[in-house]
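Okay, target_5.txt is below, compact mmCIF, C-alpha atoms:
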# COMPACT_ATOMS: atom_id res chain seq x y z
CA MET C 1 16.58 -40.92 -12.84
CA LYS C 2 18.73 -38.75 -15.09
CA TYR C 3 22.46 -38.69 -14.78
CA CYS C 4 24.77 -35.99 -15.98
CA ASN C 5 26.69 -38.29 -18.30
CA THR C 6 28.88 -37.56 -21.30
CA GLU C 7 26.16 -38.34 -23.82
CA ASP C 8 23.78 -35.80 -22.32
CA TYR C 9 26.58 -33.32 -21.99
CA ASP C 10 27.29 -33.56 -25.73
CA ILE C 11 23.63 -33.06 -26.55
CA VAL C 12 23.41 -29.98 -24.39
CA LYS C 13 26.55 -28.56 -25.92
CA GLU C 14 25.33 -29.24 -29.44
CA SER C 15 21.89 -27.81 -28.77
CA TYR C 16 22.94 -24.63 -27.05
CA GLY C 17 22.30 -22.33 -29.99
CA ARG C 18 18.78 -23.61 -30.47
CA LEU C 19 17.54 -23.35 -26.92
CA PRO C 20 14.85 -20.77 -26.20
CA LYS C 21 15.86 -17.51 -24.65
CA TYR C 22 15.41 -16.52 -21.02
CA GLY C 23 11.82 -15.99 -20.02
CA THR C 24 10.18 -17.81 -22.89
CA PHE C 25 10.93 -21.32 -21.82
CA SER C 26 8.10 -23.60 -20.73
CA LEU C 27 8.52 -26.62 -18.51
CA ASP C 28 5.10 -27.95 -19.41
CA ARG C 29 6.33 -30.13 -22.23
CA GLY C 30 8.63 -32.11 -19.97
CA MET C 31 12.13 -33.14 -20.76
CA THR C 32 12.42 -34.54 -24.25
CA ARG C 33 15.45 -34.49 -26.47
CA GLY C 34 13.35 -33.70 -29.49
CA ASP C 35 12.38 -30.38 -27.94
CA TYR C 36 15.89 -29.74 -26.71
CA ASN C 37 14.33 -29.27 -23.31
CA PHE C 38 17.27 -29.80 -21.01
CA MET C 39 16.49 -27.26 -18.34
CA PRO C 40 15.17 -29.61 -15.65
CA TRP C 41 18.04 -31.97 -16.31
CA LEU C 42 20.62 -29.20 -16.00
CA GLU C 43 19.01 -27.98 -12.81
CA SER C 44 18.94 -31.51 -11.42
CA CYS C 45 22.68 -31.75 -12.14
CA ARG C 46 23.25 -28.55 -10.21
CA LEU C 47 21.17 -29.83 -7.31
CA GLN C 48 23.27 -33.01 -7.31
CA GLY C 49 26.36 -30.85 -7.01
CA ILE C 50 27.48 -31.57 -10.58
CA TYR C 51 28.81 -28.48 -12.30
CA PHE C 52 30.21 -28.33 -15.78
CA GLN C 53 33.44 -26.70 -16.82
CA ASN C 54 32.30 -25.80 -20.32
CA ALA C 55 31.34 -22.11 -20.37
CA TYR C 56 28.32 -22.71 -22.58
CA VAL C 57 26.95 -25.34 -20.27
CA VAL C 58 27.62 -23.20 -17.23
CA GLN C 59 25.49 -20.53 -18.88
CA LEU C 60 22.88 -23.13 -19.60
CA GLN C 61 22.83 -24.18 -15.98
CA ASN C 62 22.18 -20.58 -14.97
CA LEU C 63 19.51 -20.39 -17.64
CA ALA C 64 17.98 -23.56 -16.25
CA THR C 65 17.88 -22.11 -12.75
CA ALA C 66 16.28 -18.93 -14.11
CA SER C 67 13.70 -20.85 -16.12
CA ILE C 68 12.68 -23.08 -13.27
CA PHE C 69 12.56 -20.16 -10.85
CA ASN C 70 10.37 -18.18 -13.26
CA GLU C 71 7.94 -21.04 -13.66
CA LEU C 72 7.70 -21.66 -9.92
CA ALA C 73 7.42 -17.95 -9.13
CA LYS C 74 4.62 -17.52 -11.66
CA LYS C 75 2.69 -20.43 -10.14
CA TRP C 76 3.35 -19.20 -6.61
CA LYS C 77 2.00 -15.76 -7.41
CA LYS C 78 -1.10 -17.19 -8.98
CA GLU C 79 -1.83 -19.70 -6.25
CA THR C 80 -1.24 -17.32 -3.35
CA ARG C 81 -2.59 -14.02 -4.64
CA GLY C 82 -5.69 -14.28 -2.46
CA MET C 83 -3.88 -15.38 0.70
CA SER C 84 -3.79 -12.98 3.61
CA THR C 85 -0.99 -14.41 5.70
CA THR C 86 2.69 -15.06 5.13
CA ILE C 87 2.51 -18.51 6.65
CA HIS C 88 0.01 -19.66 4.06
CA MET C 89 1.95 -18.02 1.22
CA THR C 90 5.26 -19.54 2.23
CA MET C 91 3.84 -23.02 2.81
CA ASN C 92 2.86 -23.15 -0.85
CA ASP C 93 4.66 -25.95 -2.70
CA ASN C 94 6.12 -23.63 -5.33
CA TYR C 95 7.65 -21.37 -2.67
CA LEU C 96 9.12 -24.38 -0.87
CA ASP C 97 10.52 -25.67 -4.16
CA ILE C 98 12.16 -22.31 -4.78
CA MET C 99 13.79 -22.38 -1.35
CA ALA C 100 14.94 -25.94 -2.05
CA MET C 101 16.83 -24.68 -5.11
CA GLY C 102 19.39 -23.26 -2.71
CA PRO C 103 21.60 -20.14 -2.85
CA ALA C 104 21.87 -20.26 -6.67
CA VAL C 105 18.36 -18.85 -6.86
CA ILE C 106 19.08 -15.75 -4.74
CA PRO C 107 20.02 -13.44 -7.68
CA PHE C 108 16.83 -14.43 -9.48
CA ILE C 109 14.68 -13.74 -6.42
CA LEU C 110 16.32 -10.32 -6.08
CA MET C 111 15.72 -9.61 -9.76
CA GLU C 112 12.06 -10.56 -9.39
CA LEU C 113 11.76 -8.52 -6.19
CA LYS C 114 13.16 -5.48 -7.99
CA GLN C 115 10.65 -5.76 -10.81
CA HIS C 116 7.62 -6.85 -8.78
CA PRO C 117 7.88 -6.30 -5.01
CA ASP C 118 6.31 -9.24 -3.25
CA HIS C 119 6.72 -11.43 -0.20
CA TRP C 120 10.08 -13.02 -0.99
CA PHE C 121 11.59 -12.08 2.35
CA VAL C 122 11.18 -15.43 4.08
CA ALA C 123 12.98 -17.21 1.24
CA LEU C 124 15.74 -14.59 1.16
CA ARG C 125 16.27 -14.73 4.89
CA HIS C 126 16.30 -18.52 4.82
CA LEU C 127 18.72 -18.76 1.88
CA THR C 128 21.09 -15.98 2.87
CA LYS C 129 21.00 -16.32 6.67
CA SER C 130 20.84 -12.52 6.67
CA ASP C 131 18.14 -10.04 7.56
CA PRO C 132 18.85 -6.48 6.45
CA VAL C 133 15.35 -5.21 7.37
CA VAL C 134 15.34 -3.00 10.45
CA GLU C 135 12.59 -3.63 12.96
CA GLU C 136 10.61 -0.45 12.27
CA ASP C 137 10.35 -1.34 8.58
CA ARG C 138 8.84 -4.77 9.11
CA GLY C 139 5.57 -5.05 7.26
CA ASP C 140 6.42 -2.16 4.91
CA LEU C 141 6.73 -3.91 1.55
CA MET C 142 8.60 -1.12 -0.23
CA LYS C 143 11.09 -0.49 2.57
CA MET C 144 11.70 -4.21 3.01
CA THR C 145 12.24 -4.51 -0.73
CA LYS C 146 14.71 -1.63 -0.69
CA ALA C 147 16.61 -3.12 2.25
CA TRP C 148 17.02 -6.42 0.42
CA LEU C 149 18.01 -4.79 -2.88
CA ASP C 150 20.59 -2.68 -1.04
CA TRP C 151 21.87 -5.88 0.54
CA GLY C 152 22.02 -7.47 -2.92
CA HIS C 153 24.08 -4.54 -4.22
CA ARG C 154 26.48 -4.83 -1.32
CA GLU C 155 26.87 -8.54 -1.98
CA GLY C 156 27.26 -8.01 -5.74
CA LEU C 157 24.16 -10.01 -6.54
CA VAL C 158 21.99 -7.32 -8.15
CA MET I 1 -0.88 -0.52 -7.16
CA SER I 2 0.79 -3.25 -9.11
CA PRO I 3 0.65 -2.32 -12.81
CA GLU I 4 0.69 -5.96 -13.87
CA CYS I 5 -1.91 -7.10 -11.41
CA ASP I 6 -3.11 -10.62 -11.96
CA GLY I 7 -6.01 -10.12 -9.61
CA LEU I 8 -9.61 -11.09 -9.13
CA MET I 9 -10.83 -9.47 -12.31
CA LYS I 10 -8.37 -11.47 -14.40
CA MET I 11 -9.06 -14.81 -12.77
CA SER I 12 -10.95 -17.35 -14.79
CA VAL I 13 -14.19 -18.71 -13.36
CA GLN I 14 -12.38 -21.95 -12.55
CA GLU I 15 -9.53 -20.17 -10.77
CA ARG I 16 -11.95 -18.10 -8.73
CA PHE I 17 -13.92 -21.22 -7.86
CA VAL I 18 -10.81 -22.86 -6.44
CA ASP I 19 -10.03 -19.88 -4.19
CA TRP I 20 -13.55 -18.72 -3.31
CA PRO I 21 -16.16 -21.22 -4.52
CA ASN I 22 -19.10 -18.99 -3.53
CA LEU I 23 -17.80 -15.74 -4.98
CA VAL I 24 -19.98 -15.43 -8.03
CA ASP I 25 -20.18 -12.37 -10.29
CA ASN I 26 -23.16 -10.62 -8.72
CA SER I 27 -22.09 -11.21 -5.12
CA PHE I 28 -19.35 -8.60 -4.92
CA LYS I 29 -18.09 -5.30 -6.22
CA LYS I 30 -14.43 -4.42 -6.66
CA THR I 31 -13.51 -1.36 -4.58
CA SER I 32 -9.78 -1.00 -5.19
CA GLU I 33 -7.02 -1.99 -7.53
CA CYS I 34 -4.50 -4.70 -6.62
CA GLU I 35 -2.10 -3.78 -3.86
CA PRO I 36 0.36 -6.23 -2.31
CA ALA I 37 1.54 -3.71 0.30
CA TYR I 38 -1.28 -4.33 2.79
CA ASN I 39 -3.46 -7.21 3.85
CA CYS I 40 -6.89 -7.68 5.39
CA VAL I 41 -5.56 -7.27 8.93
CA ALA I 42 -4.20 -3.83 8.09
CA TRP I 43 -7.41 -2.98 6.23
CA ALA I 44 -9.48 -3.91 9.27
CA ILE I 45 -7.67 -1.27 11.33
CA ASN I 46 -7.67 1.28 8.51
CA LYS I 47 -4.05 0.96 7.45
CA THR I 48 -3.16 0.70 3.79
CA ASN I 49 0.62 0.74 3.94
CA ARG I 50 1.44 -2.30 6.04
CA TRP I 51 1.34 -6.06 5.82
CA ILE I 52 0.44 -7.19 9.33
CA ASP I 53 0.60 -10.81 10.38
CA ALA I 54 2.05 -13.01 13.09
CA TYR I 55 4.75 -14.56 10.94
CA SER I 56 8.26 -13.74 12.08
CA ARG I 57 9.75 -10.49 10.77
CA ASN I 58 6.40 -8.99 9.84
CA GLU I 59 4.78 -6.16 11.72
CA TRP I 60 3.27 -7.55 14.91
CA PRO I 61 3.17 -6.27 18.49
CA ASN I 62 6.32 -7.29 20.33
CA ASP I 63 4.40 -8.38 23.41
CA LEU I 64 1.96 -10.58 21.50
CA VAL I 65 2.93 -14.16 20.66
CA ARG I 66 3.49 -15.02 17.03
CA THR I 67 1.03 -17.86 16.71
CA HIS I 68 -1.43 -18.13 13.88
CA THR I 69 -4.61 -19.04 15.68
CA ALA I 70 -7.80 -17.04 15.30
CA GLU I 71 -7.67 -16.36 19.04
CA ASN I 72 -4.26 -14.73 18.75
CA TYR I 73 -5.51 -12.50 15.96
CA ALA I 74 -8.51 -11.69 18.14
CA ASP I 75 -6.02 -10.58 20.81
CA PHE I 76 -4.42 -8.36 18.19
CA PHE I 77 -7.75 -6.73 17.38
CA LYS I 78 -8.54 -6.30 21.08
CA ARG I 79 -5.62 -3.88 21.15
CA HIS I 80 -7.53 -1.82 18.61
CA GLY I 81 -10.67 -1.61 20.69
CA PHE I 82 -12.53 -4.69 19.49
CA VAL I 83 -14.15 -7.22 21.81
CA ILE I 84 -15.50 -10.65 20.95
CA CYS I 85 -19.22 -10.64 20.23
CA LYS I 86 -21.84 -13.25 19.47
CA ASN I 87 -23.04 -12.53 15.98
CA LYS I 88 -22.69 -10.61 12.72
CA ASN I 89 -25.97 -8.73 13.05
CA LEU I 90 -25.85 -5.10 11.99
CA GLU I 91 -26.10 -2.70 14.96
CA GLU I 92 -26.15 1.06 14.75
CA GLY I 93 -22.88 2.69 15.80
CA ILE I 94 -21.09 -0.65 15.98
CA GLU I 95 -18.31 -1.85 13.70
CA LYS I 96 -17.93 -5.61 13.43
CA LEU I 97 -15.24 -7.99 12.20
CA ALA I 98 -15.48 -11.60 11.11
CA ILE I 99 -12.37 -13.73 11.53
CA PHE I 100 -12.00 -16.72 9.22
CA VAL I 101 -9.98 -19.87 9.91
CA ASP I 102 -8.77 -22.85 7.90
CA SER I 103 -9.20 -26.49 8.87
CA PHE I 104 -6.20 -26.27 11.20
CA GLY I 105 -7.71 -23.33 13.06
CA TYR I 106 -5.19 -20.94 11.55
CA PHE I 107 -6.26 -17.42 10.80
CA THR I 108 -6.92 -16.94 7.10
CA HIS I 109 -8.85 -13.69 6.72
CA VAL I 110 -10.77 -10.91 8.41
CA ALA I 111 -13.74 -9.06 6.87
CA VAL I 112 -15.10 -5.71 8.08
CA GLN I 113 -18.79 -4.86 8.30
CA LEU I 114 -19.83 -1.65 6.57
CA ILE I 115 -22.56 0.72 7.77
CA ASP I 116 -25.10 -0.79 5.37
CA GLY I 117 -24.54 -4.30 6.75
CA LYS I 118 -22.49 -5.44 3.78
CA TRP I 119 -18.86 -6.44 4.20
CA SER I 120 -15.49 -5.19 2.99
CA SER I 121 -12.55 -7.49 2.39
CA LYS I 122 -9.00 -6.98 1.23
CA LEU I 123 -8.28 -10.17 -0.67
CA GLY I 124 -4.69 -11.18 0.01
CA LYS I 125 -2.30 -9.32 -2.26
CA ILE I 126 -4.98 -8.27 -4.73
CA GLU I 127 -8.12 -6.12 -4.66
CA ASP I 128 -10.52 -4.92 -1.97
CA ILE I 129 -14.11 -5.95 -2.52
CA LYS I 130 -17.50 -5.10 -1.07
CA HIS I 131 -19.56 -8.25 -0.64
CA GLU I 132 -23.15 -8.92 0.27
CA THR I 133 -22.55 -11.68 2.79
CA LEU I 134 -19.75 -13.48 4.58
CA ASP I 135 -20.79 -16.71 2.93
CA VAL I 136 -19.37 -15.62 -0.41
CA LEU I 137 -15.84 -15.92 1.01
CA THR I 138 -16.28 -19.21 2.85
CA GLY I 139 -14.70 -22.39 1.54
CA GLY I 140 -11.55 -22.45 -0.56
CA LEU I 141 -8.73 -20.31 0.77
CA TYR I 142 -10.54 -18.75 3.72
CA GLY I 143 -12.42 -21.65 5.31
CA ILE I 144 -15.10 -20.66 7.80
CA VAL I 145 -15.90 -17.78 10.14
CA LYS I 146 -14.91 -18.58 13.70
CA ILE I 147 -14.94 -15.33 15.66
CA PHE I 148 -16.97 -12.12 15.50
CA MET I 149 -15.69 -8.95 17.12
CA GLN I 150 -17.08 -5.46 17.59
CA ARG I 151 -16.17 -1.96 18.69
CA PRO I 152 -17.90 1.42 18.60
CA ARG I 153 -17.79 2.67 15.02
CA LYS I 154 -15.25 5.49 14.80
CA ASP I 155 -14.41 5.76 11.15
CA VAL I 156 -16.39 5.33 8.00
CA LYS I 157 -14.33 3.54 5.40
CA LYS I 158 -13.79 5.53 2.23
CA ILE I 159 -15.59 3.03 0.05
CA GLU I 160 -18.83 3.79 1.91
Structure rendered as C-alpha cells:
Amino acid sequence: MKYCNTEDYDIVKESYGRLPKYGTFSLDRGMTRGDYNFMPWLESCRLQGIYFQNAYVVQLQNLATASIFNELAKKWKKETRGMSTTIHMTMNDNYLDIMAMGPAVIPFILMELKQHPDHWFVALRHLTKSDPVVEEDRGDLMKMTKAWLDWGHREGLV
Amino acid sequence: MSPECDGLMKMSVQERFVDWPNLVDNSFKKTSECEPAYNCVAWAINKTNRWIDAYSRNEWPNDLVRTHTAENYADFFKRHGFVICKNKNLEEGIEKLAIFVDSFGYFTHVAVQLIDGKWSSKLGKIEDIKHETLDVLTGGLYGIVKIFMQRPRKDVKKIE
C-alpha cells in the first residue's frame, strides 16, 4: 500500500516538469519512479482524503484524476459499444470505477460529454444527486446532453 | 453519427470475437454508420432518435414496470402491436422480432426480421447490420434468443 509521505511528495514536486501532458499519459506501465508515473498514487491520495497544499501538486492531483478518468472512459467505451441497455453499460467495471472516483470526476465527465455525447447520465445523477433532464427529454441523447451541460454551466463546472 | 466512431468496422478480430463470437466477416453487412442516439429497441419500432430501455430516467412507458427481463420487454413490444409467437420462420406479411437474453434472463438485444428472411440489428451504440441468421449474434454480449414476437408488417425498413 502506498502512503502519501514526505519522500513521495518530494519526488512528485521534483518531477512535475517532466510528467507527460494531459491526454497522453498511459497507466499501462504501472507506478514506477523511474517513469515518473505518479498518477495512480496521487489519485489514491485524493481518494484517501489526502490533499496537498503545494499548488504544483494540487495541479498534479487534478491531472491524475483526468488521466485515470480518460483511461477508464476509453475502456468503458470500448467494452460497452455493442451493449443495448443502460443497465449492462453501467454495470461495467470501468463505469463503476469512475463513479467510485467521487465528485472530483464530475468536470471531466462533463468535458467528455461535451466532446462525445454518450451515456454518462447515470454517473452524473449518482455523483451530483441532481437530475436536470425533464421527463419528455428522457432517451433523447442530445437533449439530455444539453441539459447536463447547461447544469454544468450553472454550477461553474464546464 | 459519431465522427470518431470506434465501431464494428474498427474492431479487431479478437475484439469482435469477445462481443459476438459467431459474427464472422461474411455473415453480415453494415447498413448504417455508428450512432449512439438510438438502440435496438428503438430500431425495432422504427425510431432512430431515442434510446429506449427500462433503466430509470430513460424513455419507457410510465405504466410499465422498469424491470429488465425479456418478458417485460415483450410487454413493451406488445404495446406496439407485437404478440408472442412460436418461431422465427419467415411468413408473408408478418414482421417478427427476436429477443435475446443474458444468463440472468436480462434483456440484451432485439433483432428485426426483414422481408427476405434475413435480420436487422442495431448493435448497441454503434452500427446497424443486416445479418443472415440470428445465430451470428448469439454468445458473447447478447446471449441467446428467448422470445419471438410478430405483428402484421406495416413498414418496410429503409435498408430493404
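With atom CA of Lys47 of chain I on one side and atom CA of His109 of chain I on the other, the separation reads 15.4 Å.
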Against chain I, which residues of chain C fall within 6 Å? For each one I want the closest pair of atoms and the distance in Å (one decimal), counting all atoms listed in the file, rows by chain and increasing residue number, as a tab-separated table.
residue	atom	partner	partner_atom	distance
C:Arg81	CA	I:Lys125	CA	5.3
C:Gly82	CA	I:Gly124	CA	4.1
C:Met83	CA	I:Gly124	CA	4.3
C:Ser84	CA	I:Gly124	CA	4.1
C:Arg138	CA	I:Asn58	CA	4.9
C:Gly139	CA	I:Trp51	CA	4.6
C:Asp140	CA	I:Arg50	CA	5.1
C:Leu141	CA	I:Ala37	CA	5.3
Pick the closest to His88 of chain C from I:Met149, I:Ala111, I:Val101, I:Ile144: which is it, counting all atoms listed in the file?
I:Val101
Restricting the calculation to all atoms listed in the file, which member of I:Cys85, I:Ala98, I:Arg153, I:Glu132 is positioned closest to Ile115 of chain I?
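Checking each candidate against Ile115 of chain I, we get I:Arg153 as the closest.
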For atom CA of Leu124 of chain C and atom CA of Trp148 of chain C, the interatomic separation in Å (one decimal):
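About the pair atom CA of Leu124 of chain C and atom CA of Trp148 of chain C: they are 8.3 Å apart.
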Tell me which of I:Asn72, I:Thr31, I:Thr133, I:Thr67 sits closest to Leu90 of chain I, counting only C-alpha atoms.
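For Leu90 of chain I, the nearest of the given residues is I:Thr133.
Within 12 Å of segment 153-156 of chain C, once all atoms listed in the file are used and residues closer than 4 positions along the same chain are dropped, the contacting residues are C:Ile106, C:Pro107, C:Leu110, C:Met111, C:Lys114, C:Thr128, C:Ser130, C:Pro132, C:Lys146, C:Ala147, C:Trp148, C:Leu149.
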Any idea what's packed within 12 Å of Val136 of chain I, counting only C-alpha atoms, ignoring anything in its chain fewer than 2 positions away? Could you give it as a count of residues only?
32
Between atom CA of Arg66 of chain I and atom CA of Met99 of chain C, what is the distance, to one decimal in Å?
22.3 Å
Find, counting all atoms listed in the file, the residue in C:Val134, C:Met101, C:Met89, C:Met144 that gets nearest to Ala64 of chain C.
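The shortest atom-to-atom distance to Ala64 of chain C comes from C:Met101.
Of the residues listed (C:Tyr95, C:Lys78, C:Thr85, C:Thr90), C:Thr85 shows the shortest atom-to-atom separation from Phe100 of chain I; distances use only C-alpha atoms.
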Quick one: of I:Ile147, I:Lys10, I:Ser103, I:Pro152, who's nearest to Asp75 of chain I, counting all atoms listed in the file?
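Checking each of I:Ile147, I:Lys10, I:Ser103, I:Pro152 against Asp75 of chain I, counting all atoms listed in the file, the winner is I:Ile147.
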Taking 5 positions as the minimum chain separation for residues in the same chain, which residues sit within 12 Å of Pro103 of chain C when counting only C-alpha atoms? Answer as a PyMOL selection string.
chain C and resi 46-47+65+98+108-110+123-129+157
